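Source file: my_file.pdb. Holds: PDB, C-alpha atoms.
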ATOM      1  CA  MET A 238      18.065   5.701  19.581
ATOM      2  CA  GLN A 239      15.272   8.093  18.594
ATOM      3  CA  GLN A 240      11.771   6.788  17.926
ATOM      4  CA  LEU A 241       8.297   8.227  17.256
ATOM      5  CA  VAL A 242       5.288   6.826  19.115
ATOM      6  CA  ILE A 243       1.571   7.668  19.183
ATOM      7  CA  ASN A 244       0.396   7.478  22.785
ATOM      8  CA  GLU A 245      -3.210   8.196  21.827
ATOM      9  CA  PRO A 246      -4.999   9.787  18.861
ATOM     10  CA  PHE A 247      -3.430  13.109  17.881
ATOM     11  CA  GLN A 248      -0.605  12.686  20.404
ATOM     12  CA  MET A 249       2.700  11.702  18.823
ATOM     13  CA  ILE A 250       5.970  12.158  20.673
ATOM     14  CA  GLN A 251       9.657  11.605  19.943
ATOM     15  CA  ARG A 252      11.421   9.545  22.587
ATOM     16  CA  GLU A 253      14.804   8.079  23.369
ATOM     17  CA  VAL A 254      14.801   4.283  23.671
ATOM     18  CA  LYS A 255      17.492   1.640  23.883
ATOM     19  CA  LYS A 256      18.847   0.547  20.524
ATOM     20  CA  PRO A 257      17.599  -2.979  19.747
ATOM     21  CA  SER A 258      20.060  -5.816  19.368
ATOM     22  CA  ILE A 259      20.228  -9.311  17.908
ATOM     23  CA  GLN A 260      18.449 -11.719  20.273
ATOM     24  CA  ASN A 261      17.801 -14.767  18.094
ATOM     25  CA  SER A 262      19.904 -16.590  15.529
ATOM     26  CA  HIS A 263      17.618 -15.548  12.644
ATOM     27  CA  ASP A 264      17.377 -11.864  13.630
ATOM     28  CA  VAL A 265      18.437  -8.997  11.373
ATOM     29  CA  LEU A 266      19.277  -5.553  12.768
ATOM     30  CA  LEU A 267      18.290  -2.826  10.317
ATOM     31  CA  LYS A 268      19.375   0.814  10.321
ATOM     32  CA  ILE A 269      16.402   2.688   8.862
ATOM     33  CA  THR A 270      17.072   5.173   6.057
ATOM     34  CA  HIS A 271      13.564   5.932   4.710
ATOM     35  CA  ILE A 272      10.037   5.516   6.097
ATOM     36  CA  GLY A 273       6.935   5.928   3.960
ATOM     37  CA  ILE A 274       3.818   7.540   5.415
ATOM     38  CA  CYS A 275       0.484   6.190   4.194
ATOM     39  CA  GLY A 276      -3.224   6.358   4.953
ATOM     40  CA  THR A 277      -2.846   3.657   7.587
ATOM     41  CA  ASP A 278      -0.519   5.969   9.512
ATOM     42  CA  THR A 279      -2.599   9.138   9.163
ATOM     43  CA  HIS A 280      -5.795   7.289  10.072
ATOM     44  CA  ALA A 281      -4.052   5.814  13.121
ATOM     45  CA  PHE A 282      -2.927   9.295  14.148
ATOM     46  CA  ALA A 283      -6.561  10.431  13.913
ATOM     47  CA  GLY A 284      -7.962   7.402  15.787
ATOM     48  CA  GLU A 285      -9.716   6.068  12.699
ATOM     49  CA  GLN A 286      -7.675   2.942  11.929
ATOM     50  CA  PRO A 287      -9.287  -0.502  12.347
ATOM     51  CA  PHE A 288      -7.217  -3.276  13.988
ATOM     52  CA  PHE A 289      -5.243  -0.701  15.982
ATOM     53  CA  SER A 290      -4.358  -0.059  19.624
ATOM     54  CA  TYR A 291      -2.282   2.558  21.463
ATOM     55  CA  PRO A 292       0.473   3.316  22.241
ATOM     56  CA  ARG A 293       2.039   2.311  18.923
ATOM     57  CA  VAL A 294       5.159   2.981  16.902
ATOM     58  CA  LEU A 295       4.108   3.428  13.278
ATOM     59  CA  GLY A 296       6.167   2.598  10.198
ATOM     60  CA  HIS A 297       5.720  -0.303   7.778
ATOM     61  CA  GLU A 298       7.037   1.155   4.484
ATOM     62  CA  LEU A 299      10.726   0.804   5.207
ATOM     63  CA  ALA A 300      14.123   1.048   3.590
ATOM     64  CA  ALA A 301      17.213   0.191   5.576
ATOM     65  CA  ILE A 302      20.807  -0.945   5.633
ATOM     66  CA  VAL A 303      21.648  -4.246   7.309
ATOM     67  CA  GLU A 304      23.801  -3.504  10.361
ATOM     68  CA  ALA A 305      24.035  -6.971  11.953
ATOM     69  CA  VAL A 306      22.691 -10.497  11.456
ATOM     70  CA  GLY A 307      22.129 -13.526  13.666
ATOM     71  CA  GLU A 308      24.457 -16.502  13.407
ATOM     72  CA  ASP A 309      22.016 -18.609  11.359
ATOM     73  CA  VAL A 310      20.989 -15.902   8.873
ATOM     74  CA  THR A 311      21.784 -16.810   5.264
ATOM     75  CA  GLY A 312      21.664 -14.754   2.090
ATOM     76  CA  ILE A 313      21.717 -11.408   3.922
ATOM     77  CA  GLN A 314      24.996  -9.554   4.439
ATOM     78  CA  VAL A 315      25.960  -6.624   6.629
ATOM     79  CA  GLY A 316      25.816  -3.502   4.447
ATOM     80  CA  ASP A 317      23.033  -4.779   2.180
ATOM     81  CA  ARG A 318      20.200  -2.427   1.268
ATOM     82  CA  ALA A 319      16.892  -3.907   2.354
ATOM     83  CA  THR A 320      13.163  -3.514   2.649
ATOM     84  CA  VAL A 321      10.729  -5.409   4.831
ATOM     85  CA  ILE A 322       7.543  -7.365   4.201
ATOM     86  CA  PRO A 323       5.729  -5.988   7.265
ATOM     87  CA  TYR A 324       3.123  -8.752   7.544
ATOM     88  CA  ILE A 325       4.266 -11.256  10.160
ATOM     89  CA  HIS A 326       2.373 -14.508   9.602
ATOM     90  CA  CYS A 327       2.171 -17.808  11.457
ATOM     91  CA  GLY A 328       2.767 -20.128   8.498
ATOM     92  CA  LYS A 329       0.389 -22.720   9.967
ATOM     93  CA  CYS A 330      -3.216 -21.519   9.628
ATOM     94  CA  ALA A 331      -5.462 -22.345   6.648
ATOM     95  CA  PRO A 332      -4.700 -19.170   4.632
ATOM     96  CA  CYS A 333      -0.967 -19.491   5.280
ATOM     97  CA  ARG A 334      -0.987 -23.110   4.127
ATOM     98  CA  ARG A 335      -2.624 -21.938   0.897
ATOM     99  CA  GLY A 336       0.064 -19.308   0.407
ATOM    100  CA  GLN A 337      -2.241 -16.427   1.386
ATOM    101  CA  THR A 338       0.038 -15.153   4.126
ATOM    102  CA  ASN A 339      -1.368 -11.642   3.666
ATOM    103  CA  CYS A 340      -4.533 -12.679   5.517
ATOM    104  CA  CYS A 341      -3.041 -14.982   8.153
ATOM    105  CA  LYS A 342      -5.508 -15.561  10.992
ATOM    106  CA  THR A 343      -3.018 -14.233  13.541
ATOM    107  CA  ILE A 344      -1.291 -11.672  11.324
ATOM    108  CA  GLN A 345       0.819  -9.026  13.024
ATOM    109  CA  VAL A 346       1.472  -6.018  10.809
ATOM    110  CA  LEU A 347       4.405  -3.841  11.767
ATOM    111  CA  GLY A 348       3.180  -0.402  12.781
ATOM    112  CA  VAL A 349      -0.395  -1.644  13.245
ATOM    113  CA  HIS A 350      -0.657  -4.708  15.485
ATOM    114  CA  THR A 351       2.922  -4.461  16.708
ATOM    115  CA  ASP A 352       5.486  -1.675  16.812
ATOM    116  CA  GLY A 353       6.926  -0.660  13.461
ATOM    117  CA  GLY A 354      10.023   1.028  12.144
ATOM    118  CA  MET A 355       9.462   4.750  12.732
ATOM    119  CA  GLY A 356      12.787   5.096  14.460
ATOM    120  CA  GLU A 357      16.479   4.713  13.817
ATOM    121  CA  TYR A 358      16.684   0.915  14.103
ATOM    122  CA  ILE A 359      14.508  -2.189  14.132
ATOM    123  CA  VAL A 360      15.165  -5.904  14.574
ATOM    124  CA  VAL A 361      13.119  -8.338  12.469
ATOM    125  CA  ASP A 362      13.279 -11.985  11.471
ATOM    126  CA  GLU A 363      15.235 -12.720   8.300
ATOM    127  CA  SER A 364      12.102 -14.252   6.724
ATOM    128  CA  ILE A 365      10.585 -10.804   6.123
ATOM    129  CA  VAL A 366      13.733  -9.067   4.846
ATOM    130  CA  ILE A 367      14.325  -8.539   1.114
ATOM    131  CA  THR A 368      17.662  -7.177  -0.038
ATOM    132  CA  ASP A 369      18.502  -5.398  -3.288
ATOM    133  CA  ASN A 370      21.666  -3.361  -3.613
ATOM    134  CA  ALA A 371      20.753  -2.117  -7.085
ATOM    135  CA  VAL A 372      17.748  -0.156  -5.808
ATOM    136  CA  SER A 373      17.872   3.147  -3.903
ATOM    137  CA  GLY A 374      16.506   3.670  -0.418
ATOM    138  CA  GLU A 375      13.695   5.830  -1.772
ATOM    139  CA  GLN A 376      12.668   3.033  -4.144
ATOM    140  CA  LEU A 377      12.914   0.296  -1.509
ATOM    141  CA  ALA A 378      10.569   2.248   0.764
ATOM    142  CA  ILE A 379       7.851   2.330  -1.909
ATOM    143  CA  VAL A 380       7.920  -1.397  -2.655
ATOM    144  CA  GLU A 381       5.319  -2.141   0.035
ATOM    145  CA  PRO A 382       2.602   0.327  -1.081
ATOM    146  CA  LEU A 383       3.151  -0.649  -4.706
ATOM    147  CA  ALA A 384       2.906  -4.330  -3.734
ATOM    148  CA  ILE A 385      -0.580  -3.640  -2.370
ATOM    149  CA  GLY A 386      -1.629  -2.398  -5.818
ATOM    150  CA  ALA A 387       0.104  -5.328  -7.499
ATOM    151  CA  HIS A 388      -1.694  -7.752  -5.176
ATOM    152  CA  ALA A 389      -5.089  -6.204  -5.972
ATOM    153  CA  VAL A 390      -4.434  -6.545  -9.692
ATOM    154  CA  ARG A 391      -3.387 -10.170  -9.246
ATOM    155  CA  ARG A 392      -6.525 -10.815  -7.154
ATOM    156  CA  SER A 393      -8.679  -9.397  -9.948
ATOM    157  CA  GLU A 394      -7.248 -11.877 -12.489
ATOM    158  CA  LEU A 395      -7.524  -9.207 -15.178
ATOM    159  CA  THR A 396      -5.966  -9.672 -18.600
ATOM    160  CA  GLU A 397      -5.134  -7.432 -21.538
ATOM    161  CA  LYS A 398      -8.698  -8.007 -22.784
ATOM    162  CA  ASP A 399     -10.200  -6.253 -19.756
ATOM    163  CA  THR A 400     -11.107  -2.620 -19.352
ATOM    164  CA  VAL A 401     -10.199  -1.134 -15.974
ATOM    165  CA  LEU A 402     -11.372   1.735 -13.789
ATOM    166  CA  VAL A 403      -9.348   2.703 -10.718
ATOM    167  CA  ILE A 404     -11.190   4.969  -8.287
ATOM    168  CA  GLY A 405      -8.871   7.062  -6.133
ATOM    169  CA  ALA A 406      -5.648   8.532  -7.517
ATOM    170  CA  GLY A 407      -3.726   8.242  -4.271
ATOM    171  CA  PRO A 408      -0.626   6.075  -3.718
ATOM    172  CA  ILE A 409      -2.481   2.747  -3.630
ATOM    173  CA  GLY A 410      -4.756   3.578  -6.551
ATOM    174  CA  LEU A 411      -1.784   4.637  -8.649
ATOM    175  CA  GLY A 412      -0.072   1.340  -7.920
ATOM    176  CA  ALA A 413      -3.147  -0.602  -9.011
ATOM    177  CA  ALA A 414      -3.457   1.500 -12.167
ATOM    178  CA  ARG A 415       0.197   1.038 -13.063
ATOM    179  CA  PHE A 416       0.132  -2.733 -12.674
ATOM    180  CA  ALA A 417      -3.156  -2.997 -14.584
ATOM    181  CA  LYS A 418      -1.511  -1.025 -17.373
ATOM    182  CA  LEU A 419       1.551  -3.277 -17.258
ATOM    183  CA  ARG A 420      -0.806  -6.215 -17.864
ATOM    184  CA  GLY A 421      -1.933  -4.524 -21.069
ATOM    185  CA  ALA A 422      -5.461  -3.532 -20.010
ATOM    186  CA  LYS A 423      -7.060  -0.247 -21.006
ATOM    187  CA  THR A 424      -6.950   1.696 -17.728
ATOM    188  CA  VAL A 425      -8.792   4.838 -16.615
ATOM    189  CA  LEU A 426      -8.271   6.758 -13.359
ATOM    190  CA  MET A 427     -11.075   8.529 -11.476
ATOM    191  CA  ASP A 428     -10.772  11.068  -8.662
ATOM    192  CA  LEU A 429     -12.278  14.269  -7.282
ATOM    193  CA  ASN A 430      -9.084  16.247  -7.813
ATOM    194  CA  GLU A 431      -8.014  17.249 -11.323
ATOM    195  CA  GLU A 432      -4.427  17.946 -10.265
ATOM    196  CA  ARG A 433      -4.072  14.457  -8.769
ATOM    197  CA  LEU A 434      -5.579  12.978 -11.911
ATOM    198  CA  ALA A 435      -3.118  14.786 -14.165
ATOM    199  CA  TYR A 436      -0.185  13.630 -12.075
ATOM    200  CA  GLY A 437      -1.599  10.103 -11.785
ATOM    201  CA  GLN A 438      -2.133   9.744 -15.520
ATOM    202  CA  ALA A 439       1.430  10.813 -16.230
ATOM    203  CA  TRP A 440       2.940   8.469 -13.628
ATOM    204  CA  THR A 441       0.814   5.393 -14.387
ATOM    205  CA  GLU A 442       0.521   5.993 -18.152
ATOM    206  CA  ALA A 443      -3.222   5.459 -17.773
ATOM    207  CA  ASP A 444      -5.227   5.786 -20.966
ATOM    208  CA  ASP A 445      -7.603   8.422 -19.643
ATOM    209  CA  VAL A 446      -9.061  10.076 -16.539
ATOM    210  CA  ILE A 447     -12.525  10.884 -15.168
ATOM    211  CA  ILE A 448     -13.355  13.668 -12.740
ATOM    212  CA  VAL A 449     -16.090  12.701 -10.263
ATOM    213  CA  ASN A 450     -19.345  14.572 -10.813
ATOM    214  CA  ASN A 451     -23.009  13.777 -11.418
ATOM    215  CA  ASP A 452     -22.293  12.319 -14.853
ATOM    216  CA  VAL A 453     -19.890   9.531 -13.922
ATOM    217  CA  LEU A 454     -21.835   6.848 -15.813
ATOM    218  CA  VAL A 455     -21.994   9.042 -18.905
ATOM    219  CA  GLN A 456     -18.238   9.652 -18.727
ATOM    220  CA  LEU A 457     -17.548   5.951 -18.238
ATOM    221  CA  ARG A 458     -19.513   4.965 -21.323
ATOM    222  CA  GLU A 459     -17.721   7.649 -23.317
ATOM    223  CA  LYS A 460     -14.319   6.299 -22.250
ATOM    224  CA  PHE A 461     -15.216   2.614 -22.743
ATOM    225  CA  ASN A 462     -16.986   2.663 -26.114
ATOM    226  CA  GLY A 463     -20.523   2.705 -24.744
ATOM    227  CA  GLU A 464     -19.898   0.055 -22.096
ATOM    228  CA  LEU A 465     -18.797  -0.017 -18.465
ATOM    229  CA  PRO A 466     -15.386  -1.280 -17.309
ATOM    230  CA  THR A 467     -15.062  -5.002 -16.705
ATOM    231  CA  VAL A 468     -12.812  -4.542 -13.655
ATOM    232  CA  VAL A 469     -13.178  -1.756 -11.090
ATOM    233  CA  PHE A 470     -10.816  -1.062  -8.193
ATOM    234  CA  ASP A 471     -11.892   1.243  -5.367
ATOM    235  CA  ALA A 472      -8.881   2.520  -3.466
ATOM    236  CA  THR A 473     -10.611   5.329  -1.590
ATOM    237  CA  GLY A 474     -11.626   3.764   1.716
ATOM    238  CA  ASN A 475     -14.665   6.048   1.492
ATOM    239  CA  GLN A 476     -18.122   4.619   2.155
ATOM    240  CA  LYS A 477     -19.956   6.758  -0.408
ATOM    241  CA  SER A 478     -17.440   5.952  -3.130
ATOM    242  CA  MET A 479     -17.367   2.241  -2.343
ATOM    243  CA  GLU A 480     -21.141   1.919  -2.432
ATOM    244  CA  ALA A 481     -21.382   3.896  -5.678
ATOM    245  CA  SER A 482     -18.698   1.733  -7.312
ATOM    246  CA  PHE A 483     -21.147  -1.168  -7.759
ATOM    247  CA  GLU A 484     -22.894   0.933 -10.421
ATOM    248  CA  TYR A 485     -19.725   1.289 -12.481
ATOM    249  CA  VAL A 486     -19.060  -2.393 -13.233
ATOM    250  CA  GLU A 487     -20.126  -4.019 -16.490
ATOM    251  CA  HIS A 488     -22.311  -7.151 -16.418
ATOM    252  CA  SER A 489     -20.244 -10.189 -15.324
ATOM    253  CA  GLY A 490     -17.458  -7.849 -14.188
ATOM    254  CA  THR A 491     -15.335  -7.702 -11.052
ATOM    255  CA  LEU A 492     -15.215  -5.109  -8.267
ATOM    256  CA  VAL A 493     -12.182  -5.076  -5.955
ATOM    257  CA  PHE A 494     -12.108  -3.113  -2.712
ATOM    258  CA  ILE A 495      -8.544  -2.154  -1.787
ATOM    259  CA  GLY A 496      -9.515   0.629   0.599
ATOM    260  CA  LEU A 497     -10.539  -0.058   4.183
ATOM    261  CA  MET A 498     -12.774   1.748   6.648
ATOM    262  CA  LYS A 499     -14.735   1.087   9.840
ATOM    263  CA  LYS A 500     -18.271   1.360   8.402
ATOM    264  CA  THR A 501     -20.680  -1.132   6.814
ATOM    265  CA  ILE A 502     -21.016  -1.296   3.022
ATOM    266  CA  THR A 503     -24.491  -1.902   1.554
ATOM    267  CA  PHE A 504     -25.549  -2.654  -2.017
ATOM    268  CA  ASN A 505     -28.660  -3.606  -3.939
ATOM    269  CA  ASP A 506     -28.718  -7.390  -4.104
ATOM    270  CA  PRO A 507     -31.130  -7.804  -7.085
ATOM    271  CA  ASP A 508     -28.908  -5.520  -9.178
ATOM    272  CA  PHE A 509     -25.745  -7.265  -7.966
ATOM    273  CA  HIS A 510     -27.266 -10.676  -8.687
ATOM    274  CA  SER A 511     -28.747  -9.813 -12.084
ATOM    275  CA  ARG A 512     -25.368  -8.626 -13.346
ATOM    276  CA  GLU A 513     -23.552 -11.604 -11.783
ATOM    277  CA  LEU A 514     -20.841  -9.354 -10.394
ATOM    278  CA  THR A 515     -17.806 -10.653  -8.549
ATOM    279  CA  LEU A 516     -16.891  -8.713  -5.398
ATOM    280  CA  LYS A 517     -13.423  -9.149  -3.898
ATOM    281  CA  SER A 518     -11.453  -7.579  -1.101
ATOM    282  CA  SER A 519      -7.705  -7.144  -1.372
ATOM    283  CA  ARG A 520      -5.615  -7.042   1.774
ATOM    284  CA  ASN A 521      -1.905  -6.359   2.084
ATOM    285  CA  ALA A 522       0.425  -8.331  -0.225
ATOM    286  CA  THR A 523       2.595 -11.445  -0.372
ATOM    287  CA  LEU A 524       6.200 -12.184  -1.228
ATOM    288  CA  GLU A 525       5.085 -12.820  -4.816
ATOM    289  CA  ASP A 526       3.729  -9.275  -5.050
ATOM    290  CA  PHE A 527       6.894  -7.753  -3.578
ATOM    291  CA  GLU A 528       8.926  -9.687  -6.119
ATOM    292  CA  THR A 529       6.641  -8.466  -8.927
ATOM    293  CA  VAL A 530       7.203  -4.840  -7.913
ATOM    294  CA  MET A 531      10.957  -5.256  -7.670
ATOM    295  CA  LYS A 532      11.123  -7.038 -11.018
ATOM    296  CA  HIS A 533       9.383  -4.096 -12.685
ATOM    297  CA  MET A 534      11.601  -1.633 -10.808
ATOM    298  CA  GLN A 535      14.701  -3.385 -12.037
ATOM    299  CA  ALA A 536      13.306  -3.315 -15.593
ATOM    300  CA  GLY A 537      12.804   0.454 -15.362
ATOM    301  CA  GLU A 538       9.008   0.143 -15.583
ATOM    302  CA  ILE A 539       8.294   2.005 -12.337
ATOM    303  CA  LYS A 540       8.853   5.709 -12.937
ATOM    304  CA  GLU A 541      10.497   8.042 -10.478
ATOM    305  CA  GLY A 542       8.227  10.685  -8.964
ATOM    306  CA  TYR A 543       5.947   8.438  -6.882
ATOM    307  CA  VAL A 544       7.385  10.161  -3.792
ATOM    308  CA  THR A 545       6.244  13.781  -3.941
ATOM    309  CA  LYS A 546       7.335  15.044  -0.515
ATOM    310  CA  GLU A 547      10.300  14.270   1.731
ATOM    311  CA  ILE A 548      10.604  15.321   5.367
ATOM    312  CA  ALA A 549      13.384  14.933   7.910
ATOM    313  CA  PHE A 550      12.742  12.626  10.860
ATOM    314  CA  GLU A 551      12.800  15.652  13.190
ATOM    315  CA  ASP A 552       9.929  17.252  11.243
ATOM    316  CA  ALA A 553       7.624  14.222  11.204
ATOM    317  CA  ILE A 554       5.528  15.173  14.241
ATOM    318  CA  ALA A 555       4.828  18.614  12.793
ATOM    319  CA  TYR A 556       3.776  16.973   9.520
ATOM    320  CA  PHE A 557       1.227  14.724  11.261
ATOM    321  CA  GLU A 558      -0.090  17.563  13.406
ATOM    322  CA  ALA A 559      -0.577  19.844  10.381
ATOM    323  CA  LYS A 560      -2.855  17.195   8.792
ATOM    324  CA  GLN A 561      -2.072  18.423   5.275
ATOM    325  CA  TYR A 562      -1.936  15.088   3.490
ATOM    326  CA  ASN A 563      -2.723  16.319  -0.032
ATOM    327  CA  THR A 564       0.310  14.833  -1.738
ATOM    328  CA  ASN A 565       0.904  11.442  -3.303
ATOM    329  CA  LYS A 566       3.597   9.787  -1.185
ATOM    330  CA  VAL A 567       5.503  11.276   1.723
ATOM    331  CA  GLN A 568       8.747   9.768   2.994
ATOM    332  CA  ILE A 569      10.660  10.442   6.180
ATOM    333  CA  TYR A 570      14.421  10.344   5.820
ATOM    334  CA  PHE A 571      17.303  10.508   8.266
ATOM    335  CA  LYS A 572      19.828  13.308   7.778
TER     336      LYS A 572
END

The structure in this file should be written as structure tokens.
Amino acid sequence: MQQLVINEPFQMIQREVKKPSIQNSHDVLLKITHIGICGTDTHAFAGEQPFFSYPRVLGHELAAIVEAVGEDVTGIQVGDRATVIPYIHCGKCAPCRRGQTNCCKTIQVLGVHTDGGMGEYIVVDESIVITDNAVSGEQLAIVEPLAIGAHAVRRSELTEKDTVLVIGAGPIGLGAARFAKLRGAKTVLMDLNEERLAYGQAWTEADDVIIVNNDVLVQLREKFNGELPTVVFDATGNQKSMEASFEYVEHSGTLVFIGLMKKTITFNDPDFHSRELTLKSSRNATLEDFETVMKHMQAGEIKEGYVTKEIAFEDAIAYFEAKQYNTNKVQIYFK
């Protein structure tokens, strides 16, 4: 079978490898149909991804068709459409016992800590396979990035009484904005790019947008009736943006960092303390978040158009090498 692998930063190759097969009774053999590309992948290509080593096969936003199952697999049939929860957890450590499998102490994320699905086939344990024959391959491959946004919103504990700012109108930010809106909160998107903001507002149904400039605080107070938002999500993974985001939260509000980078974040402790802010990180997602996304998909509450560029598997290397990532969500498909 054909597979893409990064041997070192900026060096991706296509190679022929043996097709995987069922080895254990709970294995599922998946024939990949769609693979989402995200910031994790592009940062890994550039050598900027934390928790990463080379060589590595990328690919954790997957849609597939079940080709074979182990003898003890239940509830999954050959021919089913499927997606994968790419966070392999131990089930035994303290976070796992609390149901927080997304931050398992020994977590292995497909395409990050272990080889992912950027090839024609992959074998995974049945425990991380979700099937849904009513959803298209394109939709199944966006469940994972949307689940990250859904998880961040759940972490924030926001309600319809909150006011929300989402910084970064990329794929993860749009997911957070959409699920905040589905909870009934007034939601505003902020970004540097007006075109991304216009698209993001239409897709998420956000109430308003803010373009980043020197008057961000003035714009925020205009949008939120003289106050600041009670919940702020930063989905940029940018140090300058993340440090500035502390200023945008109303007294007693909550700041959630969804984005990730390799640098150290600093903030003014007296200001943080005097406003009694709550700071949270949001990592990955859980089965509950995947189920939330799929429930809203099935209800028709997740619009089409999240995927804005499709490329054939044979063109994927050229896409990474061009480094033109200025689109919302790119998917690789097999012809």

To verify the selection step, state as JSON, numbers by chain which residues the PyMOL selection byres ((chain A and resi 482) around 12) yields on this input. {"A": [402, 403, 404, 405, 427, 449, 453, 454, 457, 465, 466, 468, 469, 470, 471, 472, 473, 474, 475, 476, 477, 478, 479, 480, 481, 483, 484, 485, 486, 487, 490, 491, 492, 493, 494, 502, 503, 504, 505, 509, 514, 516]}

Run the PyMOL selection byres ((chain A and resi 440) around 9) on the file and write out the hits as an MDAnalysis selection string. chainID A and resid 411 415 435:439 441:443 539:543

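For the pair CA of Ala305 in chain A and CA of Ser262 in chain A, the interatomic distance is 11.1 Å.
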
Quick one: everything within 12 Å of Phe289 in chain A, counting all atoms listed in the file, minus sequence neighbours fewer than 3 positions away in the same chain. Send it as an MDAnalysis selection string. chainID A and resid 243 245:246 277:278 280:286 292:295 345:352 499

Any chance you could work out the residue set of the PyMOL selection byres ((chain A and resi 522) around 8) here, as a PyMOL selection string? chain A and resi 339+381+384-385+387-388+520-521+523-527

Which one is closest to Thr400 in chain A: A:Thr501, A:Ser373, A:Asn451, A:Asn462? Count all atoms listed in the file.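 For Thr400 in chain A, the nearest of the given residues is A:Asn462.
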
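For the pair CA of Gly421 in chain A and CA of Gly537 in chain A, the interatomic distance is 16.6 Å.
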
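Within 6 Å of range 444-446 of chain A, once only C-alpha atoms are used and residues closer than 5 positions along the same chain are dropped, the contacting residues are A:Thr424, A:Val425, A:Leu426, A:Met427.
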
So, with all atoms listed in the file as the atoms that count, which of A:Val401, A:Gly356, A:Glu298, A:Thr270 lies closest to Pro257 in chain A? A:Gly356

Separation of CA of Gln240 in chain A and CA of Val254 in chain A, in Å?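 For CA of Gln240 in chain A relative to CA of Val254 in chain A, the distance reads 7.0 Å.
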
Can you work out which one of A:Asn565, A:Thr396, A:Ser518, A:Gln314 has the shortest atom-to-atom distance to Asp369 in chain A, counting all atoms listed in the file?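 Nearest to Asp369 in chain A: A:Gln314.
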
Ranking A:Leu395, A:Ile447, A:Val366, A:Cys275 by minimum distance to Glu528 in chain A and counting all atoms listed in the file, which one comes first? A:Val366

Could you check which of A:Lys517, A:His271, A:Lys398, A:Lys460 is closest to Lys572 in chain A, using only C-alpha atoms?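 Of the candidates, the smallest distance to Lys572 in chain A is held by A:His271.
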
Spatial neighbours of Ile269 in chain A, 9 Å, all atoms listed in the file, chain gap at least 3 places, as a list in words: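 Returned residues: Ile272, Leu299, Ala300, Ala301, Ile302, Val303, Gly354, Met355, Gly356, Glu357, Tyr358, Ile359, Tyr570 and Phe571 of chain A.
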
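Ranking A:Glu513, A:Val530, A:Asn244, A:Gln260 by their shortest atom-to-atom distance to Ala413 in chain A, with only C-alpha atoms included, puts A:Val530 first.
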
Near Asn261 in chain A, counting all atoms listed in the file, which residues have an atom at most 12 Å away, once you skip same-chain residues fewer than 4 positions from it, shown as a VMD selection string? chain A and resid 257 265 to 266 305 to 310 360 to 363

Around all of range 406-413 of chain A's listed atoms, make the axis-aligned box with 8 Å on each side and tell me centre and edge lengths in Å to one decimal, as lines of an AutoDock Vina configuration file.
center_x = -2.9
center_y = 4.0
center_z = -6.3
size_x = 21.6
size_y = 25.1
size_z = 21.4
